[in-house]
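Colleague: Below you will find the structure I want to go over with you.
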Amino acid sequence: MGLQTMFSPDYFLTLLILNRYLTWSITENSGIRKQDTPLVLRSVAATSVGGYLTFNFVRDKWAKLEKFLGDIYQPALVHIVQAIAARLNTRFELHEMQQLRDRYDGELGAATRAVDQGIETTMIQIQWMEEKLSTVATWMEKAIQESSNRGKFKL
């Protein structure tokens, strides 16, 4: 996602809407059923715009999520953390995930393993980015250039 896209009014509007949706998911009488909260969090986390937004939301609203979801919190958190970790691929995000684990050490319960696996997944994705991204980017640039020289784009 380029800087021009990130700073467009549509991008900020999308973030605002997604953040409101996340907030409604943990608000009584918002119209979102409590049992659908994990689905909302996972769905927003799976988007390119909402992945990091959801991570921040879960980290910042940890106590409220736990209180709101009650008995379904621990099992739901496993799937939410997996959805968030699937999109993390920078050292900063790795550090944030490690801080989450350290901040809530002893409170994660069943989600402890999911957080540890999320950290491992992020490390693997960082390694892939460091080893392969420039090769893939070069290949794509070459393919685009060759296709545009022929008048059509083919990969």
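Residue numbers start at 1 in each chain; chains themselves are named A, B, ... in the order of the structure tokens; ligands are numbered from 1 in the order shown.
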Which residues come within 10 Å of range 56-66 of chain A, counting only C-alpha atoms, excluding same-chain residues fewer than 3 positions away, as a VMD selection string?
Modeller: chain A and resid 19 22 to 23 25 to 27 37 to 38 41 50 to 53 69 to 74 77 80 to 81 84 96 to 97 99 to 101 103 to 104 107
Colleague: Keeping only C-alpha atoms, write the selected residues as an mmCIF file, in the first residue's frame.
Modeller:
data_model
loop_
_atom_site.group_PDB
_atom_site.id
_atom_site.type_symbol
_atom_site.label_atom_id
_atom_site.label_comp_id
_atom_site.auth_asym_id
_atom_site.auth_seq_id
_atom_site.Cartn_x
_atom_site.Cartn_y
_atom_site.Cartn_z
ATOM 1 C CA ASN A 19 -12.606 0.903 14.530
ATOM 2 C CA LEU A 22 -14.620 -3.288 16.556
ATOM 3 C CA THR A 23 -15.893 -1.089 19.377
ATOM 4 C CA SER A 25 -18.480 -5.723 18.850
ATOM 5 C CA ILE A 26 -17.730 -5.351 22.578
ATOM 6 C CA THR A 27 -20.588 -2.997 23.411
ATOM 7 C CA THR A 37 -17.510 -10.703 18.581
ATOM 8 C CA PRO A 38 -14.696 -13.198 17.825
ATOM 9 C CA LEU A 41 -12.355 -9.397 15.310
ATOM 10 C CA GLY A 50 -7.695 -3.824 9.660
ATOM 11 C CA GLY A 51 -4.945 -6.240 10.671
ATOM 12 C CA TYR A 52 -2.852 -3.894 12.740
ATOM 13 C CA LEU A 53 -5.952 -1.978 13.862
ATOM 14 C CA LEU A 69 -16.832 -12.317 26.450
ATOM 15 C CA GLY A 70 -16.686 -14.182 29.758
ATOM 16 C CA ASP A 71 -16.498 -17.955 29.303
ATOM 17 C CA ILE A 72 -15.926 -17.839 25.544
ATOM 18 C CA TYR A 73 -12.977 -15.445 25.895
ATOM 19 C CA GLN A 74 -10.101 -17.904 26.201
ATOM 20 C CA LEU A 77 -8.716 -15.475 21.802
ATOM 21 C CA ILE A 80 -8.272 -14.025 17.128
ATOM 22 C CA VAL A 81 -4.523 -14.120 17.813
ATOM 23 C CA ILE A 84 -3.824 -11.181 13.740
ATOM 24 C CA GLU A 96 4.567 -5.523 19.690
ATOM 25 C CA MET A 97 3.478 -9.183 19.796
ATOM 26 C CA GLN A 99 5.144 -7.052 24.424
ATOM 27 C CA LEU A 100 1.581 -8.360 24.360
ATOM 28 C CA ARG A 101 2.811 -11.707 25.661
ATOM 29 C CA ARG A 103 2.200 -7.587 29.389
ATOM 30 C CA TYR A 104 -0.427 -10.288 29.876
ATOM 31 C CA GLU A 107 -3.479 -14.000 32.021
#
Colleague: Would you pick out the contacts of Ala114 in chain A at 8 Å or less, using only C-alpha atoms, so that residues sharing its chain but fewer than 6 positions from it are not included, and give the list as a PyMOL selection string?
Modeller: chain A and resi 78-79+81-82
Colleague: Print the selection's residues with N, CA, C and O atoms to a file, as a JSON list (two decimals), in the first residue's frame.
Modeller:
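What landed in again01.json:
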[["chain", "number", "residue", "atom", "x", "y", "z"],
["A", 78, "VAL", "N", -7.71, -17.54, 21.06],
["A", 78, "VAL", "CA", -6.79, -18.37, 20.26],
["A", 78, "VAL", "C", -6.96, -18.05, 18.78],
["A", 78, "VAL", "O", -6.00, -17.76, 18.07],
["A", 79, "HIS", "N", -8.19, -18.04, 18.30],
["A", 79, "HIS", "CA", -8.46, -17.81, 16.88],
["A", 79, "HIS", "C", -8.23, -16.35, 16.49],
["A", 79, "HIS", "O", -7.77, -16.06, 15.38],
["A", 81, "VAL", "N", -5.98, -14.30, 17.88],
["A", 81, "VAL", "CA", -4.52, -14.12, 17.81],
["A", 81, "VAL", "C", -3.96, -14.74, 16.53],
["A", 81, "VAL", "O", -3.09, -14.15, 15.88],
["A", 82, "GLN", "N", -4.46, -15.89, 16.13],
["A", 82, "GLN", "CA", -4.01, -16.51, 14.89],
["A", 82, "GLN", "C", -4.31, -15.62, 13.69],
["A", 82, "GLN", "O", -3.48, -15.48, 12.79]]
Colleague: Run DSSP on the backbone of this structure and report the residues of chain A it assigns to helix (DSSP H, G or I), as a PyMOL selection string.
Modeller: chain A and resi 3-6+9-25+34-45+50-60+62-85+91-103+109-150
Colleague: Pick out the closest residue to Phe92 in chain A from this set: A:Thr122, A:Gln35, A:Thr138, A:Gln117. Count only C-alpha atoms.
Modeller: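 Answer, going by the shortest atom-to-atom distance: A:Thr122.
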Colleague: Sorted by chain and rising residue number, list the residues of range 10-119 of chain A at most 9 Å from range 125-128 of chain A (counting only C-alpha atoms), each with its closest atom pair and distance in Å to one decimal, as CSV.
Modeller:
residue,atom,partner,partner_atom,distance
A:Ala86,CA,A:Gln125,CA,8.7
A:Arg87,CA,A:Gln125,CA,8.8
A:Leu88,CA,A:Gln125,CA,7.4
A:Asn89,CA,A:Ile126,CA,4.9
A:Thr90,CA,A:Ile126,CA,5.7
A:Arg91,CA,A:Ile126,CA,7.0
A:Leu94,CA,A:Ile126,CA,8.6
Colleague: Could you check which of A:Val49, A:Ala76, A:Met129, A:Leu13 is closest to Gly109 in chain A, using only C-alpha atoms?
Modeller: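 The shortest atom-to-atom distance to Gly109 in chain A comes from A:Ala76.
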Colleague: For Thr14 in chain A, which residue among A:Lys132, A:Val44, A:Pro75, A:Ser30 is the nearest when counting only C-alpha atoms?
Modeller: A:Val44
Colleague: Ranking A:Ile17, A:Ala85, A:Val136, A:Phe12 by minimum distance to Glu120 in chain A and counting only C-alpha atoms, which one comes first?
Modeller: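 Residue with the minimum atom-to-atom distance to Glu120 in chain A: A:Ala85.
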Colleague: By how many Å are CA of Phe55 in chain A and CA of Glu131 in chain A apart?
Modeller: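 CA of Phe55 in chain A sits 25.5 Å away from CA of Glu131 in chain A.
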Colleague: Enter the distance from CA of Leu16 in chain A to CA of Ile119 in chain A, in Å, rounded to one decimal.
Modeller: 27.5 Å
